[in-house]
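*Asks:* What follows is the file data.cif, containing mmCIF, C-alpha atoms and all ligand atoms:
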```
data_target
loop_
_atom_site.label_atom_id
_atom_site.label_comp_id
_atom_site.auth_asym_id
_atom_site.auth_seq_id
_atom_site.Cartn_x
_atom_site.Cartn_y
_atom_site.Cartn_z
CA MET A 1 -20.59 64.86 21.63
CA PRO A 2 -23.96 65.40 23.31
CA ASN A 3 -24.20 64.97 27.10
CA ALA A 4 -24.97 61.23 27.50
CA ASN A 5 -27.51 61.50 30.34
CA PHE A 6 -29.43 64.34 28.82
CA ASP A 7 -29.37 62.74 25.37
CA LYS A 8 -30.78 59.51 26.83
CA ARG A 9 -33.64 61.46 28.41
CA CYS A 10 -34.49 63.14 25.10
CA GLN A 11 -34.38 59.80 23.29
CA GLU A 12 -36.72 58.24 25.88
CA ASN A 13 -39.22 61.07 25.40
CA ILE A 14 -39.14 60.65 21.64
CA ASN A 15 -39.52 56.85 21.93
CA GLN A 16 -42.49 57.27 24.24
CA TRP A 17 -44.27 59.72 21.88
CA THR A 18 -43.53 57.44 18.92
CA GLN A 19 -45.01 54.41 20.70
CA SER A 20 -48.13 56.29 21.82
CA GLY A 21 -48.70 57.69 18.31
CA GLN A 22 -48.23 61.24 19.61
CA LEU A 23 -45.11 62.11 17.65
CA LYS A 24 -45.87 65.08 15.42
CA PRO A 25 -44.67 64.76 11.85
CA PHE A 26 -42.95 67.81 10.28
CA TYR A 27 -43.55 68.18 6.56
CA ASN A 28 -41.03 70.02 4.40
CA ILE A 29 -42.83 72.45 2.11
CA THR A 30 -40.92 73.43 -0.99
CA SER A 31 -43.29 76.04 -2.48
CA PRO A 32 -44.81 79.32 -1.23
CA MET A 33 -47.71 79.02 1.21
CA ARG A 34 -50.89 78.89 -0.89
CA PRO A 35 -53.98 76.64 -1.15
CA VAL A 36 -51.98 73.90 -2.87
CA VAL A 37 -48.35 73.46 -1.76
CA GLU A 38 -45.53 71.14 -2.77
CA ILE A 39 -44.32 68.78 -0.08
CA GLU A 40 -40.97 67.02 -0.25
CA ASP A 41 -41.31 63.32 -1.08
CA LYS A 42 -45.07 63.72 -1.45
CA GLY A 43 -46.07 66.23 -4.13
CA GLU A 44 -49.03 68.58 -4.17
CA VAL A 45 -51.29 68.83 -1.14
CA LEU A 46 -54.35 70.98 -0.42
CA VAL A 47 -53.64 73.02 2.72
CA LEU A 48 -56.44 73.37 5.25
CA CYS A 49 -54.26 74.10 8.24
CA ALA A 50 -52.52 77.40 7.48
CA ASN A 51 -53.54 80.73 8.99
CA ASN A 52 -53.37 82.19 5.48
CA TYR A 53 -56.99 83.29 5.87
CA LEU A 54 -57.00 85.83 3.06
CA GLY A 55 -54.49 84.06 0.82
CA LEU A 56 -52.13 87.05 1.05
CA ALA A 57 -48.98 85.05 1.86
CA ASP A 58 -48.15 84.79 -1.84
CA HIS A 59 -50.12 87.82 -3.10
CA PRO A 60 -48.00 89.47 -5.85
CA GLU A 61 -48.29 92.98 -4.32
CA VAL A 62 -47.39 91.68 -0.85
CA ILE A 63 -44.34 89.87 -2.22
CA GLU A 64 -43.28 92.93 -4.23
CA ALA A 65 -43.63 95.16 -1.16
CA GLY A 66 -41.37 92.83 0.85
CA ILE A 67 -38.74 92.98 -1.88
CA GLN A 68 -39.00 96.79 -1.92
CA GLY A 69 -38.50 96.80 1.87
CA MET A 70 -35.26 94.88 1.42
CA ARG A 71 -34.14 97.32 -1.30
CA ASP A 72 -34.97 100.41 0.76
CA TYR A 73 -33.69 99.30 4.17
CA GLY A 74 -31.54 96.19 3.66
CA ALA A 75 -31.87 93.02 5.70
CA GLY A 76 -32.77 94.58 9.03
CA THR A 77 -32.15 96.98 11.85
CA ALA A 78 -29.08 95.44 13.50
CA SER A 79 -30.31 97.18 16.63
CA VAL A 80 -33.14 97.38 19.11
CA ARG A 81 -35.76 100.08 18.69
CA PHE A 82 -34.56 102.69 21.19
CA ILE A 83 -30.89 102.56 20.19
CA CYS A 84 -31.02 102.92 16.41
CA GLY A 85 -33.55 100.33 15.30
CA THR A 86 -36.66 102.40 14.60
CA LEU A 87 -37.05 102.70 10.85
CA GLY A 88 -39.45 104.91 8.94
CA CYS A 89 -41.31 101.81 7.77
CA HIS A 90 -42.00 100.77 11.41
CA ARG A 91 -43.75 104.05 12.14
CA LYS A 92 -45.65 103.84 8.84
CA LEU A 93 -46.79 100.29 9.62
CA GLU A 94 -47.78 101.19 13.18
CA LYS A 95 -49.94 104.09 11.98
CA LYS A 96 -51.53 101.79 9.41
CA ILE A 97 -52.32 99.14 12.06
CA ALA A 98 -53.76 101.71 14.49
CA ASP A 99 -55.96 103.25 11.79
CA PHE A 100 -57.07 99.80 10.61
CA VAL A 101 -58.07 98.38 13.99
CA GLY A 102 -59.31 101.72 15.35
CA THR A 103 -56.97 102.76 18.17
CA GLU A 104 -54.89 105.91 18.75
CA SER A 105 -51.56 104.19 18.29
CA SER A 106 -49.76 100.87 17.96
CA LEU A 107 -46.35 99.28 18.44
CA SER A 108 -44.97 96.44 16.32
CA TYR A 109 -43.09 93.36 17.54
CA VAL A 110 -41.35 90.44 15.86
CA SER A 111 -44.32 88.26 16.81
CA CYS A 112 -47.61 88.46 18.67
CA TRP A 113 -46.05 86.09 21.18
CA ASN A 114 -43.54 88.85 21.86
CA ALA A 115 -46.30 91.47 21.96
CA ASN A 116 -48.15 89.50 24.64
CA GLU A 117 -44.92 89.05 26.58
CA ALA A 118 -44.49 92.84 26.47
CA LEU A 119 -48.05 93.79 27.31
CA PHE A 120 -48.77 92.13 30.64
CA PRO A 121 -45.56 92.72 32.62
CA THR A 122 -45.28 96.29 31.34
CA LEU A 123 -48.82 97.62 31.66
CA VAL A 124 -50.27 95.58 34.53
CA GLY A 125 -49.08 96.97 37.87
CA PRO A 126 -48.49 95.03 41.13
CA GLU A 127 -51.62 96.54 42.66
CA ASP A 128 -53.81 95.40 39.74
CA ALA A 129 -55.87 92.26 39.15
CA ILE A 130 -56.10 90.28 35.93
CA LEU A 131 -59.05 88.16 34.81
CA SER A 132 -58.28 85.81 31.93
CA ASP A 133 -60.49 83.41 29.95
CA GLU A 134 -59.44 79.81 30.64
CA LEU A 135 -59.02 79.08 26.91
CA ASN A 136 -56.79 82.06 26.15
CA HIS A 137 -53.78 81.45 23.94
CA ALA A 138 -50.50 80.16 25.38
CA SER A 139 -48.79 83.49 24.64
CA ILE A 140 -51.26 85.27 26.94
CA ILE A 141 -50.68 82.67 29.66
CA ASP A 142 -46.91 82.95 29.35
CA GLY A 143 -47.10 86.75 29.11
CA MET A 144 -49.04 86.82 32.38
CA ARG A 145 -46.40 84.60 34.00
CA LEU A 146 -43.96 87.47 33.51
CA MET A 147 -46.08 89.94 35.52
CA SER A 148 -45.21 90.99 39.06
CA LYS A 149 -46.00 88.14 41.51
CA LYS A 150 -48.17 90.63 43.38
CA VAL A 151 -50.76 90.93 40.60
CA ALA A 152 -53.95 89.08 41.59
CA LYS A 153 -54.41 86.44 38.89
CA ASN A 154 -57.88 85.05 38.15
CA VAL A 155 -58.94 82.65 35.45
CA TYR A 156 -62.64 82.70 34.57
CA LYS A 157 -64.48 79.80 32.94
CA HIS A 158 -64.52 79.97 29.16
CA SER A 159 -66.84 82.80 28.04
CA ASP A 160 -68.72 82.48 31.35
CA LEU A 161 -70.02 85.97 32.10
CA GLU A 162 -71.41 85.06 35.50
CA ASP A 163 -68.06 83.69 36.64
CA LEU A 164 -66.32 86.77 35.27
CA GLU A 165 -68.73 89.14 37.02
CA ASN A 166 -68.22 87.32 40.33
CA LYS A 167 -64.48 87.71 39.93
CA LEU A 168 -64.88 91.38 39.04
CA LYS A 169 -66.86 91.84 42.25
CA GLU A 170 -64.20 90.01 44.28
CA THR A 171 -61.41 92.21 42.92
CA GLN A 172 -63.05 95.63 43.52
CA SER A 173 -60.25 96.72 45.83
CA HIS A 174 -57.55 96.45 43.14
CA ALA A 175 -56.27 99.57 41.41
CA THR A 176 -57.06 98.45 37.86
CA ARG A 177 -58.78 95.28 36.67
CA TRP A 178 -57.80 93.79 33.30
CA VAL A 179 -60.16 91.44 31.47
CA VAL A 180 -58.24 89.47 28.84
CA THR A 181 -59.70 87.38 26.05
CA ASP A 182 -58.90 85.96 22.66
CA GLY A 183 -61.17 87.55 20.03
CA VAL A 184 -61.44 84.20 18.24
CA PHE A 185 -60.40 81.17 20.27
CA SER A 186 -57.78 79.35 18.28
CA MET A 187 -58.67 75.77 19.16
CA GLU A 188 -62.48 76.12 19.46
CA GLY A 189 -63.11 78.55 16.60
CA ASP A 190 -65.70 80.40 18.69
CA VAL A 191 -65.94 84.17 19.14
CA ALA A 192 -65.54 86.01 22.44
CA LYS A 193 -68.75 87.60 23.76
CA LEU A 194 -67.31 91.07 23.24
CA PRO A 195 -70.49 93.14 23.70
CA GLU A 196 -71.12 91.54 27.11
CA LEU A 197 -67.44 91.70 28.07
CA GLY A 198 -67.37 95.37 27.05
CA ALA A 199 -70.49 96.10 29.13
CA LEU A 200 -69.05 94.34 32.21
CA CYS A 201 -65.76 96.23 31.84
CA LYS A 202 -67.66 99.51 31.65
CA GLN A 203 -69.79 98.62 34.70
CA TYR A 204 -66.77 97.60 36.80
CA ASP A 205 -64.34 100.15 35.35
CA ALA A 206 -62.02 97.45 34.00
CA MET A 207 -59.69 97.47 31.00
CA LEU A 208 -60.55 95.12 28.13
CA VAL A 209 -57.69 93.40 26.28
CA VAL A 210 -58.45 91.39 23.13
CA ASP A 211 -55.90 89.19 21.34
CA ASP A 212 -57.38 89.20 17.87
CA SER A 213 -54.77 87.13 16.09
CA HIS A 214 -57.41 84.86 14.51
CA GLY A 215 -60.00 87.64 14.14
CA VAL A 216 -58.07 90.32 12.29
CA GLY A 217 -58.55 90.02 8.53
CA VAL A 218 -61.29 87.46 9.17
CA LEU A 219 -64.21 89.04 11.00
CA GLY A 220 -66.19 92.15 10.13
CA THR A 221 -67.01 93.27 6.59
CA GLY A 222 -63.76 95.25 6.45
CA GLY A 223 -61.71 92.49 8.10
CA LYS A 224 -60.85 94.72 11.06
CA GLY A 225 -61.57 91.88 13.44
CA THR A 226 -63.85 90.67 16.20
CA HIS A 227 -64.71 94.18 17.40
CA GLU A 228 -65.88 95.14 13.88
CA HIS A 229 -68.01 91.98 13.78
CA PHE A 230 -69.82 93.35 16.87
CA ASP A 231 -69.79 96.97 15.71
CA MET A 232 -67.43 97.91 18.54
CA VAL A 233 -64.57 99.60 16.68
CA GLY A 234 -63.06 102.26 18.95
CA GLN A 235 -64.40 100.58 22.10
CA ILE A 236 -61.58 98.13 22.98
CA ASP A 237 -58.83 99.42 25.28
CA VAL A 238 -56.02 97.18 24.05
CA ILE A 239 -55.88 94.93 20.98
CA THR A 240 -53.00 92.59 20.26
CA GLY A 241 -52.65 90.69 17.04
CA THR A 242 -50.35 88.94 14.63
CA LEU A 243 -49.08 89.85 11.19
CA GLY A 244 -48.28 86.17 10.69
CA LYS A 245 -51.76 84.99 9.77
CA ALA A 246 -54.27 86.97 7.63
CA LEU A 247 -52.11 90.11 7.37
CA GLY A 248 -49.50 88.72 4.99
CA GLY A 249 -48.52 85.63 6.93
CA ALA A 250 -44.80 86.41 7.35
CA ALA A 251 -44.30 87.13 11.05
CA GLY A 252 -44.72 90.01 13.45
CA GLY A 253 -47.28 91.24 15.90
CA TYR A 254 -48.60 94.40 17.45
CA ILE A 255 -50.17 96.04 20.45
CA ALA A 256 -52.77 98.64 19.47
CA ALA A 257 -53.89 100.95 22.27
CA SER A 258 -53.96 104.56 23.45
CA GLN A 259 -50.98 106.80 22.69
CA ASN A 260 -49.99 106.87 26.37
CA ALA A 261 -50.11 103.08 26.73
CA VAL A 262 -47.95 102.67 23.61
CA SER A 263 -45.46 105.27 24.93
CA VAL A 264 -45.13 103.31 28.19
CA LEU A 265 -44.56 100.10 26.18
CA GLU A 266 -41.89 101.86 24.12
CA GLN A 267 -40.15 103.10 27.26
CA ARG A 268 -40.40 100.01 29.45
CA GLY A 269 -41.45 96.91 27.46
CA ARG A 270 -38.58 94.43 27.62
CA PRO A 271 -39.12 92.59 24.29
CA SER A 272 -38.62 95.82 22.30
CA LEU A 273 -35.97 97.25 24.65
CA PHE A 274 -33.78 94.16 24.47
CA SER A 275 -34.55 92.55 21.10
CA ASN A 276 -34.35 93.64 17.47
CA ALA A 277 -37.25 95.25 15.66
CA LEU A 278 -39.35 93.76 12.87
CA PRO A 279 -37.34 93.37 9.62
CA ALA A 280 -38.19 95.99 6.99
CA THR A 281 -39.29 93.29 4.55
CA VAL A 282 -42.07 92.28 6.93
CA ALA A 283 -43.00 95.88 7.82
CA TYR A 284 -43.50 96.56 4.11
CA SER A 285 -45.34 93.34 3.28
CA ALA A 286 -47.70 93.61 6.26
CA HIS A 287 -48.40 97.26 5.41
CA LYS A 288 -49.25 96.21 1.87
CA ALA A 289 -51.45 93.35 3.12
CA ILE A 290 -53.58 95.83 5.08
CA GLU A 291 -53.77 98.10 2.02
CA VAL A 292 -54.93 95.16 -0.13
CA ILE A 293 -57.76 94.47 2.34
CA GLU A 294 -58.74 98.15 2.55
CA ASN A 295 -58.74 98.53 -1.24
CA ASP A 296 -60.65 95.31 -1.90
CA PRO A 297 -62.83 94.12 1.00
CA SER A 298 -64.40 91.57 -1.39
CA ILE A 299 -61.49 89.33 -0.38
CA VAL A 300 -63.00 89.22 3.14
CA ALA A 301 -66.45 88.53 1.68
CA ARG A 302 -64.97 85.59 -0.26
CA LEU A 303 -63.54 84.20 2.98
CA HIS A 304 -66.95 84.53 4.69
CA SER A 305 -68.61 82.71 1.80
CA ASN A 306 -65.97 79.92 1.83
CA VAL A 307 -66.41 79.52 5.60
CA ALA A 308 -70.19 79.13 5.21
CA THR A 309 -69.81 76.62 2.34
CA PHE A 310 -67.20 74.61 4.24
CA ARG A 311 -69.18 74.43 7.48
CA GLN A 312 -72.32 73.40 5.62
CA GLY A 313 -70.39 70.77 3.62
CA LEU A 314 -68.91 69.21 6.77
CA ALA A 315 -72.28 69.29 8.52
CA ASP A 316 -73.88 67.55 5.50
CA LEU A 317 -71.25 64.81 5.86
CA GLY A 318 -72.32 64.32 9.46
CA PHE A 319 -69.49 66.13 11.23
CA ASP A 320 -70.50 68.04 14.32
CA CYS A 321 -69.64 71.66 13.46
CA THR A 322 -70.99 74.31 15.80
CA PRO A 323 -72.13 77.40 13.90
CA SER A 324 -69.57 80.20 14.00
CA PRO A 325 -68.48 82.96 11.61
CA THR A 326 -64.79 82.20 12.14
CA ALA A 327 -62.43 80.44 9.74
CA ILE A 328 -61.49 77.81 12.37
CA ILE A 329 -63.55 74.62 12.31
CA PRO A 330 -62.59 72.05 14.96
CA ILE A 331 -63.66 68.44 14.46
CA MET A 332 -63.60 66.74 17.87
CA ILE A 333 -61.95 63.30 17.97
CA GLY A 334 -61.02 62.79 21.64
CA ASP A 335 -58.10 60.40 21.50
CA GLU A 336 -54.86 62.04 20.37
CA ALA A 337 -53.43 59.06 18.50
CA GLU A 338 -56.74 58.72 16.62
CA ALA A 339 -56.66 62.43 15.68
CA ILE A 340 -53.14 62.01 14.34
CA ARG A 341 -54.18 58.84 12.49
CA LYS A 342 -57.11 60.64 10.82
CA SER A 343 -54.86 63.53 9.91
CA LYS A 344 -52.45 61.06 8.23
CA GLN A 345 -55.38 59.46 6.41
CA LEU A 346 -56.39 62.88 5.02
CA PHE A 347 -52.78 63.57 4.11
CA ASP A 348 -52.66 60.35 2.10
CA LEU A 349 -55.75 61.64 0.29
CA GLY A 350 -53.86 64.84 -0.55
CA VAL A 351 -55.44 67.09 2.09
CA MET A 352 -53.43 68.61 4.93
CA VAL A 353 -55.35 68.96 8.20
CA ILE A 354 -53.49 68.68 11.48
CA GLY A 355 -54.58 66.69 14.52
CA PHE A 356 -54.07 68.59 17.77
CA GLY A 357 -53.48 66.91 21.11
CA PHE A 358 -51.90 67.63 24.47
CA PRO A 359 -50.34 70.09 25.38
CA VAL A 360 -52.02 72.28 22.72
CA VAL A 361 -55.47 71.15 23.90
CA PRO A 362 -56.42 69.32 27.15
CA LYS A 363 -55.86 65.54 27.34
CA GLY A 364 -58.80 63.60 25.86
CA GLU A 365 -59.93 66.56 23.74
CA ALA A 366 -57.83 65.92 20.64
CA ARG A 367 -59.25 67.26 17.44
CA LEU A 368 -58.70 67.95 13.78
CA ARG A 369 -58.63 71.67 13.08
CA VAL A 370 -59.76 72.85 9.65
CA GLN A 371 -58.84 76.39 8.64
CA VAL A 372 -60.54 78.01 5.69
CA SER A 373 -58.97 80.55 3.32
CA ALA A 374 -60.39 83.08 0.88
CA ALA A 375 -57.95 81.65 -1.65
CA LEU A 376 -59.76 78.27 -1.78
CA THR A 377 -61.69 77.81 -5.02
CA ASP A 378 -64.96 75.89 -5.27
CA ASP A 379 -62.94 72.97 -6.72
CA HIS A 380 -60.61 72.98 -3.70
CA ILE A 381 -63.58 72.86 -1.35
CA GLN A 382 -65.08 69.97 -3.30
CA GLN A 383 -61.74 68.11 -3.17
CA ALA A 384 -61.69 68.60 0.61
CA MET A 385 -65.26 67.34 1.00
CA ASP A 386 -64.47 64.23 -1.09
CA ALA A 387 -61.55 63.47 1.26
CA PHE A 388 -63.60 64.06 4.45
CA ALA A 389 -66.33 61.79 3.04
CA LYS A 390 -63.78 58.94 3.03
CA LEU A 391 -62.77 59.37 6.70
C1 LIG B 401 -54.45 83.96 19.79
C2 LIG B 401 -53.00 83.96 19.39
N1 LIG B 401 -52.19 84.88 19.93
C3 LIG B 401 -50.89 84.93 19.61
C4 LIG B 401 -50.34 84.05 18.72
C5 LIG B 401 -48.88 84.14 18.40
O1 LIG B 401 -48.72 84.80 17.18
P1 LIG B 401 -47.29 84.88 16.52
O2 LIG B 401 -47.17 83.72 15.60
O3 LIG B 401 -47.30 86.20 15.81
O4 LIG B 401 -46.31 84.87 17.63
C6 LIG B 401 -51.14 83.09 18.12
C7 LIG B 401 -50.53 82.12 17.18
O5 LIG B 401 -50.87 80.99 17.05
C8 LIG B 401 -52.50 83.04 18.46
O6 LIG B 401 -53.30 82.11 17.94
#
```
For the file at hand, write its structure as structure tokens.
Ligand SMILES: Cc1ncc(COP(=O)(O)O)c(C=O)c1O

*Replies:*
Amino acid sequence: MPNANFDKRCQENINQWTQSGQLKPFYNITSPMRPVVEIEDKGEVLVLCANNYLGLADHPEVIEAGIQGMRDYGAGTASVRFICGTLGCHRKLEKKIADFVGTESSLSYVSCWNANEALFPTLVGPEDAILSDELNHASIIDGMRLMSKKVAKNVYKHSDLEDLENKLKETQSHATRWVVTDGVFSMEGDVAKLPELGALCKQYDAMLVVDDSHGVGVLGTGGKGTHEHFDMVGQIDVITGTLGKALGGAAGGYIAASQNAVSVLEQRGRPSLFSNALPATVAYSAHKAIEVIENDPSIVARLHSNVATFRQGLADLGFDCTPSPTAIIPIMIGDEAEAIRKSKQLFDLGVMVIGFGFPVVPKGEARLRVQVSAALTDDHIQQAMDAFAKL
């Protein structure tokens, strides 16, 4: 029997969210993730809300690689990395990631959330200062919460270089300064000003950390990410990213950095010291996903072309879409219940686009978030436009 008091509190929360129209529906998908999925009690729906940017989640070679991983190594490691959980396929994947994003080394995690929880408390020392963009992802915010209380924490206004420079000036006395930014901001779909951030970090001798979860596989002609988009490969100190979006879509994350930084993370990072490693199936499928991109960058070009077509189509329908090369297109609604209502309306029209409200975005800034994939055909895009036209 559940605890009566606690259960009552949960029920009151749920009732309140139901009444205010803020209760998030959970749809049961009964097919692989792809442009059109099967939903229980609904049927086929066009998906415009997955992070399956390159359509690799059900790519035959990626699936086959995952199966091979299971055959070669079984279900998993049954151990943490430093005891007996480092498999050959982890090292192979980590070399592949480092070569792909352009760093000396990398370390894999079961998620990028985990990677960000490893990065900040392990590498940022008590005598350091951190400067974080106000719109950085929740995993960066929570990762920073795990740092020593002595670290000087500063949040600079979103992409505001003047504010950042002022804060860099104010923190001159700290041993090391860390500037942290998303490469692509997940709720705005805009790109970090990496060239300017890189220049400021050079001027003030600060480390630059980029979480490129929504940039990797998406930006740059080779899909290497935001730094490739700006021709800055090899110039970012630390890159974190996910394997759960463009790079196969299963799960997993990484920190890509210098060999010494990765060695410190291996020795002292709590998520990999105290938690199991990435399953072999995912190490294999993510490795294959990167190979697919390297062997056929036209998949990235197709994504870029779909993004341009989609943005133009929405703009032609009168939606306010700020120009951006990213695959994330937010449509601002304001009121959360209205965003959820519009999302339901699209769902009834056979198109899945999620409405985001508090706490994912600030109160009063609810929005629909469209995510574009290379796997969308011209017919899919037309179907989406027909549905948006009816909103
Ligand atoms: C910028 C950013 N960082 C980290 C994550 C977490 O990634 P993962 O799903 O691998 O934990 C996300 C996922 O939404 C993200 O958007």

*Asks:* For Ile97 (chain A), which of A:Ala337, A:Leu243, A:Pro325, A:Ser275 is the closest residue, counting only C-alpha atoms?

*Replies:*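 The answer is A:Leu243, which sits nearest to Ile97 (chain A).
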
*Asks:* Out of A:Ser186, A:His59, A:Ser132, A:Met385, which residue has the shortest atom-to-atom distance to Ile299 (chain A) when counting all atoms listed in the file?

*Replies:* A:His59

*Asks:* What gap, in Å, lies between CA of Gln371 (chain A) and CA of Ile328 (chain A)?

*Replies:*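 These two atoms are separated by 4.8 Å.
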
*Asks:* State, in Å with one decimal place, the distance from CA of Leu208 (chain A) to CA of Val179 (chain A).

*Replies:*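 Atom-to-atom, CA of Leu208 (chain A) to CA of Val179 (chain A), that is 5.0 Å.
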
*Asks:* List every residue of chain A that has an atom at most 10 Å from any atom of ligand LIG 401 (chain B), and for each one report the closest atom pair and its distance in Å to one decimal, counting only C-alpha atoms and all ligand atoms, with rows sorted by chain and then by increasing residue number, as CSV.

*Replies:*
```
residue,atom,partner,partner_atom,distance
A:Asn51,CA,B:LIG401,O5,8.5
A:Tyr109,CA,B:LIG401,O3,8.5
A:Val110,CA,B:LIG401,O3,7.3
A:Ser111,CA,B:LIG401,O3,3.8
A:Cys112,CA,B:LIG401,O3,3.7
A:Trp113,CA,B:LIG401,O4,3.8
A:Asn114,CA,B:LIG401,O4,6.4
A:Ala115,CA,B:LIG401,O4,7.9
A:Asn116,CA,B:LIG401,C3,7.3
A:Glu117,CA,B:LIG401,O4,10.0
A:Leu135,CA,B:LIG401,C1,9.8
A:Asn136,CA,B:LIG401,C1,7.0
A:His137,CA,B:LIG401,C1,4.9
A:Ala138,CA,B:LIG401,N1,7.4
A:Ser139,CA,B:LIG401,C3,5.6
A:Ile140,CA,B:LIG401,N1,7.1
A:Thr181,CA,B:LIG401,C1,8.9
A:Asp182,CA,B:LIG401,C1,5.7
A:Gly183,CA,B:LIG401,C1,7.6
A:Val184,CA,B:LIG401,C1,7.2
A:Phe185,CA,B:LIG401,C1,6.6
A:Ser186,CA,B:LIG401,O6,5.3
A:Met187,CA,B:LIG401,O6,8.4
A:Val210,CA,B:LIG401,C1,9.1
A:Asp211,CA,B:LIG401,C1,5.6
A:Asp212,CA,B:LIG401,C1,6.3
A:Ser213,CA,B:LIG401,C1,4.9
A:His214,CA,B:LIG401,O6,6.0
A:Gly215,CA,B:LIG401,C1,8.7
A:Thr240,CA,B:LIG401,N1,7.8
A:Gly241,CA,B:LIG401,N1,6.5
A:Thr242,CA,B:LIG401,O3,4.3
A:Leu243,CA,B:LIG401,O3,6.2
A:Gly244,CA,B:LIG401,O3,5.2
A:Lys245,CA,B:LIG401,O2,7.5
A:Gly249,CA,B:LIG401,O2,9.0
A:Ala250,CA,B:LIG401,O3,8.8
A:Ala251,CA,B:LIG401,O3,5.7
A:Gly252,CA,B:LIG401,O3,5.2
A:Gly253,CA,B:LIG401,O3,5.0
A:Tyr254,CA,B:LIG401,O3,8.5
```

*Asks:* From the list A:Leu303, A:Ala308, A:Val80, A:Val262, which residue is nearest Lys95 (chain A) when using all atoms listed in the file?

*Replies:*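 The closest residue to Lys95 (chain A) is A:Val262.
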
*Asks:* Of the residues A:Thr226, A:Ser105, A:Gln345, A:Thr30, which is the one nearest to Leu368 (chain A), using only C-alpha atoms?

*Replies:* A:Gln345

*Asks:* Calculate how many Å separate CA of Phe100 (chain A) from CA of Val62 (chain A), rounding to one decimal.

*Replies:*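 Those two atoms sit 17.1 Å apart.
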
*Asks:* Nearest residue to Lys202 (chain A) out of A:Ser324, A:Gln235, A:Asn52, A:Asn13, using only C-alpha atoms?

*Replies:*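 Of all the options, A:Gln235 lies closest to Lys202 (chain A).
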
*Asks:* Using all atoms listed in the file, which residues sit within 10 Å of Lys24 (chain A) once same-chain residues fewer than 6 positions away are excluded, as a list in words?

*Replies:*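 In the requested form, the answer reads Trp17, Thr18, Ile340, Ile354, Gly355, Phe356 and Gly357 of chain A.
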
*Asks:* List as a ChimeraX atom specification the protein and nucleic acid residues near Ser343 (chain A), meaning an atom at most 12 Å away when all atoms listed in the file are counted, but skip any in the same chain fewer than 4 places from it.

*Replies:* /A:21-22,24-25,47-49,331,333,336-339,347-357,366-370,387-388,391

*Asks:* Between A:Gly313, A:Gly248, A:Gly85, A:Gly234, which has the minimum distance to Glu61 (chain A) (counting only C-alpha atoms)?

*Replies:* A:Gly248

*Asks:* Using only C-alpha atoms and a cutoff of 10 Å, can you tell me which residues are near (-48.5, 71.4, 1.0) in the file's coordinates, and write them out as an NGL selection string?

*Replies:* :A and (27-40 or 42-50 or 347 or 350-352)

*Asks:* Could you pull the residues within 12 Å of His90 (chain A), counting only C-alpha atoms, minus those fewer than 2 positions along the same chain, as a ChimeraX atom specification?

*Replies:* /A:69,73,76-77,81,85-88,92-97,106-110,252-254,277-287

*Asks:* Mind checking which residues fall within 7 Å of Ala129 (chain A), counting all atoms listed in the file, ignoring those fewer than 2 positions away in the same chain, and posting them as a list in words?

*Replies:*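 The residues satisfying every condition are Glu127, Leu131, Val151, Ala152, Lys153, Thr171, His174, Thr176, Arg177 and Trp178 of chain A.
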
*Asks:* Write out as a PyMOL selection string the residues lying within 6 Å of Val209 (chain A), counting all atoms listed in the file and excluding same-chain residues fewer than 5 positions away.

*Replies:* chain A and resi 180+238-239
